[in-house]
Amino acid sequence: MKSKSLILSIKNYLLDVLFPKQCLGCKKEGFFLCQDCIVKISSLSRLVCPVCLKGLPTTDLSQAKCNTHFKKTKIKFLAYTTFYENPLVRKLVSSFKYRYIQEISSILSKLMAENLKQYKLEGFIIVPVPLYPKKLNERGFNQAELLAKDISSSLDLPMENVLQKIKSTPSQTELSSKERKLNPKDAFLCFAPERIRGKNIILVDDVFTTGATLEECAKTLKQYGVKIIGAVVFAR
């Protein structure tokens with residue numbers, strides 16, 4: 001894994017030399033996203049029900065839940081920063097995940113952390129959504145883990161990387177809505193339950209679509225006595 005990271009670092013260095021950084025919005029050199037273009041990303045700071053996506057009127061995450069749908073999901077709340085339909089947001093996420101530009105993590109995580117700062121976070125642990133080992137080796141990093149590390153550091157919250165993906169699944173972008181809901185079923189394992197038993201957890205991922213992946217992660221964690229599970233993503 002270290003050799004993979006070294007190769008990726010060398011590759012990124014060569015790309016920086018041969019193809020200087022350009023803002024993904026306006027092409028200004030020296031940035032992947034300049035200050036002028038950051039404001040083009042709507043910072044919504046929304047806390048919603050992951051089922052109906054209606055707002056939850058509270059800043060206390062330990063009390064956040066949708067009175068209508070709380071029995072239909074293991075995830076009590078979803079915090080997101082912006083909408084995936086924004087072309088600039090799509091370009092950022094795509095460049096991060098599929099062009100393997102790790103530096104974009106700091107842009108996304110900063111906005112996500114700013115979103116979370118308004119809530120009562122005491123007693124919560126950050127847990128990233130894992131990648132299947134083959135995908136992790138191909139990419140060289142787990143984008144959710146990078147985001148989680150940055151958020152953990154920024155908000156001074158502990159992070160526990162306790163989930164493992166044990167089943168290879170197609171990319172959610174390639175599937176229908178119905179297929180997306182079934183795709184991640186039984187795909188995750190908690191390999192260190194003693195580190196999360198009796199805790200409150202915030203799952204971290206980059207994008208929320210149907211919520212099937214986050215829900216499956218939450219079901220896995222709930223088997224080991226986790227109390228409250230929420231989720232934070234950059235976009236939905």
# chains A, B, ... in the order shown; residues from 1 in each chain; ligands from 1
call {"tool": "select_by_dssp", "arguments": {"residues": "region 34-229 of chain A", "states": "strand (DSSP E)", "output": "short mmCIF file (atom, residue, chain, number, x, y, z; two decimals) with C-alpha atoms, in the first residue's frame"}}
result
data_model
loop_
_atom_site.label_atom_id
_atom_site.label_comp_id
_atom_site.auth_asym_id
_atom_site.auth_seq_id
_atom_site.Cartn_x
_atom_site.Cartn_y
_atom_site.Cartn_z
CA ARG A 46 -28.80 21.37 5.90
CA LEU A 47 -29.72 18.75 8.47
CA VAL A 48 -32.44 16.49 7.05
CA LEU A 78 -28.11 13.55 7.20
CA ALA A 79 -26.01 16.71 6.96
CA TYR A 80 -25.04 17.92 3.49
CA THR A 81 -23.42 21.05 2.13
CA THR A 82 -24.52 21.39 -1.48
CA PHE A 124 -19.81 11.67 18.38
CA ILE A 125 -17.16 9.63 16.55
CA ILE A 126 -16.32 10.02 12.86
CA VAL A 127 -16.39 6.79 10.79
CA PRO A 128 -15.59 6.76 7.04
CA LEU A 163 -15.68 -0.72 8.71
CA GLN A 164 -14.48 -3.02 5.95
CA LYS A 165 -16.15 -3.61 2.60
CA PHE A 188 -19.84 -4.39 5.06
CA LEU A 189 -18.19 -5.79 8.18
CA CYS A 190 -17.20 -4.13 11.47
CA ASN A 200 -22.63 7.83 18.74
CA ILE A 201 -21.34 7.87 15.18
CA ILE A 202 -21.30 10.17 12.16
CA LEU A 203 -20.67 8.27 8.92
CA VAL A 204 -18.72 10.19 6.27
CA ILE A 229 -25.90 7.03 13.79
#
call {"tool": "select_by_dssp", "arguments": {"residues": "region 89-171 of chain A", "states": "alpha helix (DSSP H)", "output": "MDAnalysis selection string"}}
result
chainID A and resid 89:98 104:116 133:139 143:155
call {"tool": "residues_around", "arguments": {"residues": "Phe77 (chain A)", "least_positions_apart": "6", "cutoff": "8 Å", "atoms": "only C-alpha atoms", "output": "count of residues only"}}
result
12
call {"tool": "residues_around", "arguments": {"residues": "Ser43 (chain A)", "least_positions_apart": "3", "cutoff": "12 Å", "atoms": "only C-alpha atoms", "output": "ChimeraX atom specification"}}
result
/A:38-40,46,79-83,86,89,108,110-116,234-235
call {"tool": "atom_distance", "arguments": {"atom1": "CA of Leu146 (chain A)", "atom2": "CA of Lys120 (chain A)"}}
result
22.7 Å
call {"tool": "decode", "arguments": {"residues": "region 26-104 of chain A", "atoms": "C-alpha atoms", "output": "PDB file, in the first residue's frame"}}
result
ATOM      1  CA  CYS A  26     -12.669  29.391 -14.265  1.00  0.00           C
ATOM      2  CA  LYS A  27      -9.307  27.809 -15.307  1.00  0.00           C
ATOM      3  CA  LYS A  28      -7.285  30.279 -13.216  1.00  0.00           C
ATOM      4  CA  GLU A  29      -3.866  28.721 -12.583  1.00  0.00           C
ATOM      5  CA  GLY A  30      -2.589  27.759  -9.155  1.00  0.00           C
ATOM      6  CA  PHE A  31      -5.847  26.408  -7.687  1.00  0.00           C
ATOM      7  CA  PHE A  32      -8.211  23.498  -8.104  1.00  0.00           C
ATOM      8  CA  LEU A  33     -10.926  25.873  -6.885  1.00  0.00           C
ATOM      9  CA  CYS A  34     -10.285  29.598  -6.550  1.00  0.00           C
ATOM     10  CA  GLN A  35     -12.001  31.892  -4.056  1.00  0.00           C
ATOM     11  CA  ASP A  36     -14.183  33.423  -6.757  1.00  0.00           C
ATOM     12  CA  CYS A  37     -15.548  30.002  -7.708  1.00  0.00           C
ATOM     13  CA  ILE A  38     -15.998  28.680  -4.170  1.00  0.00           C
ATOM     14  CA  VAL A  39     -18.904  31.121  -3.779  1.00  0.00           C
ATOM     15  CA  LYS A  40     -20.584  29.434  -6.753  1.00  0.00           C
ATOM     16  CA  ILE A  41     -21.091  26.379  -4.550  1.00  0.00           C
ATOM     17  CA  SER A  42     -24.226  26.831  -2.486  1.00  0.00           C
ATOM     18  CA  SER A  43     -23.379  26.233   1.162  1.00  0.00           C
ATOM     19  CA  LEU A  44     -26.702  24.982   2.471  1.00  0.00           C
ATOM     20  CA  SER A  45     -25.738  23.625   5.887  1.00  0.00           C
ATOM     21  CA  ARG A  46     -28.796  21.369   5.901  1.00  0.00           C
ATOM     22  CA  LEU A  47     -29.725  18.746   8.467  1.00  0.00           C
ATOM     23  CA  VAL A  48     -32.438  16.494   7.054  1.00  0.00           C
ATOM     24  CA  CYS A  49     -34.175  13.159   7.369  1.00  0.00           C
ATOM     25  CA  PRO A  50     -32.340  10.651   5.105  1.00  0.00           C
ATOM     26  CA  VAL A  51     -35.688   9.187   3.972  1.00  0.00           C
ATOM     27  CA  CYS A  52     -37.892  12.179   3.119  1.00  0.00           C
ATOM     28  CA  LEU A  53     -35.107  14.821   3.072  1.00  0.00           C
ATOM     29  CA  LYS A  54     -37.214  17.251   5.103  1.00  0.00           C
ATOM     30  CA  GLY A  55     -35.334  19.586   7.434  1.00  0.00           C
ATOM     31  CA  LEU A  56     -34.821  18.664  11.076  1.00  0.00           C
ATOM     32  CA  PRO A  57     -35.297  21.733  13.300  1.00  0.00           C
ATOM     33  CA  THR A  58     -32.548  21.120  15.865  1.00  0.00           C
ATOM     34  CA  THR A  59     -28.839  21.706  16.400  1.00  0.00           C
ATOM     35  CA  ASP A  60     -28.546  18.891  18.962  1.00  0.00           C
ATOM     36  CA  LEU A  61     -27.521  15.842  16.938  1.00  0.00           C
ATOM     37  CA  SER A  62     -28.347  13.492  19.798  1.00  0.00           C
ATOM     38  CA  GLN A  63     -31.993  14.593  19.487  1.00  0.00           C
ATOM     39  CA  ALA A  64     -32.240  14.795  15.694  1.00  0.00           C
ATOM     40  CA  LYS A  65     -34.754  12.459  14.065  1.00  0.00           C
ATOM     41  CA  CYS A  66     -37.733  12.544  11.719  1.00  0.00           C
ATOM     42  CA  ASN A  67     -40.910  11.750  13.642  1.00  0.00           C
ATOM     43  CA  THR A  68     -42.418  10.207  10.503  1.00  0.00           C
ATOM     44  CA  HIS A  69     -39.558   8.000   9.283  1.00  0.00           C
ATOM     45  CA  PHE A  70     -37.249   7.317  12.238  1.00  0.00           C
ATOM     46  CA  LYS A  71     -38.348   3.661  12.366  1.00  0.00           C
ATOM     47  CA  LYS A  72     -37.577   3.153   8.661  1.00  0.00           C
ATOM     48  CA  THR A  73     -33.879   3.944   8.834  1.00  0.00           C
ATOM     49  CA  LYS A  74     -30.899   3.337  11.102  1.00  0.00           C
ATOM     50  CA  ILE A  75     -29.614   6.823  10.226  1.00  0.00           C
ATOM     51  CA  LYS A  76     -31.188   9.548  12.347  1.00  0.00           C
ATOM     52  CA  PHE A  77     -29.935  12.548  10.373  1.00  0.00           C
ATOM     53  CA  LEU A  78     -28.110  13.554   7.202  1.00  0.00           C
ATOM     54  CA  ALA A  79     -26.006  16.708   6.959  1.00  0.00           C
ATOM     55  CA  TYR A  80     -25.040  17.918   3.494  1.00  0.00           C
ATOM     56  CA  THR A  81     -23.421  21.049   2.134  1.00  0.00           C
ATOM     57  CA  THR A  82     -24.520  21.386  -1.483  1.00  0.00           C
ATOM     58  CA  PHE A  83     -26.307  19.794  -4.449  1.00  0.00           C
ATOM     59  CA  TYR A  84     -24.674  17.345  -6.851  1.00  0.00           C
ATOM     60  CA  GLU A  85     -26.638  18.841  -9.757  1.00  0.00           C
ATOM     61  CA  ASN A  86     -24.330  21.881  -9.686  1.00  0.00           C
ATOM     62  CA  PRO A  87     -21.897  21.293 -12.619  1.00  0.00           C
ATOM     63  CA  LEU A  88     -18.962  22.610 -10.586  1.00  0.00           C
ATOM     64  CA  VAL A  89     -19.785  20.252  -7.713  1.00  0.00           C
ATOM     65  CA  ARG A  90     -19.951  17.309 -10.123  1.00  0.00           C
ATOM     66  CA  LYS A  91     -16.599  18.292 -11.600  1.00  0.00           C
ATOM     67  CA  LEU A  92     -15.003  18.539  -8.142  1.00  0.00           C
ATOM     68  CA  VAL A  93     -16.282  15.139  -7.030  1.00  0.00           C
ATOM     69  CA  SER A  94     -15.386  13.490 -10.335  1.00  0.00           C
ATOM     70  CA  SER A  95     -11.859  14.920 -10.282  1.00  0.00           C
ATOM     71  CA  PHE A  96     -11.435  13.784  -6.684  1.00  0.00           C
ATOM     72  CA  LYS A  97     -12.655  10.209  -7.228  1.00  0.00           C
ATOM     73  CA  TYR A  98     -11.810   9.395 -10.825  1.00  0.00           C
ATOM     74  CA  ARG A  99      -8.851  11.655 -11.644  1.00  0.00           C
ATOM     75  CA  TYR A 100      -7.433  10.794  -8.220  1.00  0.00           C
ATOM     76  CA  ILE A 101      -6.683  14.402  -7.211  1.00  0.00           C
ATOM     77  CA  GLN A 102      -6.318  13.987  -3.454  1.00  0.00           C
ATOM     78  CA  GLU A 103      -5.852  17.720  -2.801  1.00  0.00           C
ATOM     79  CA  ILE A 104      -9.534  18.277  -3.537  1.00  0.00           C
TER      80      ILE A 104
END
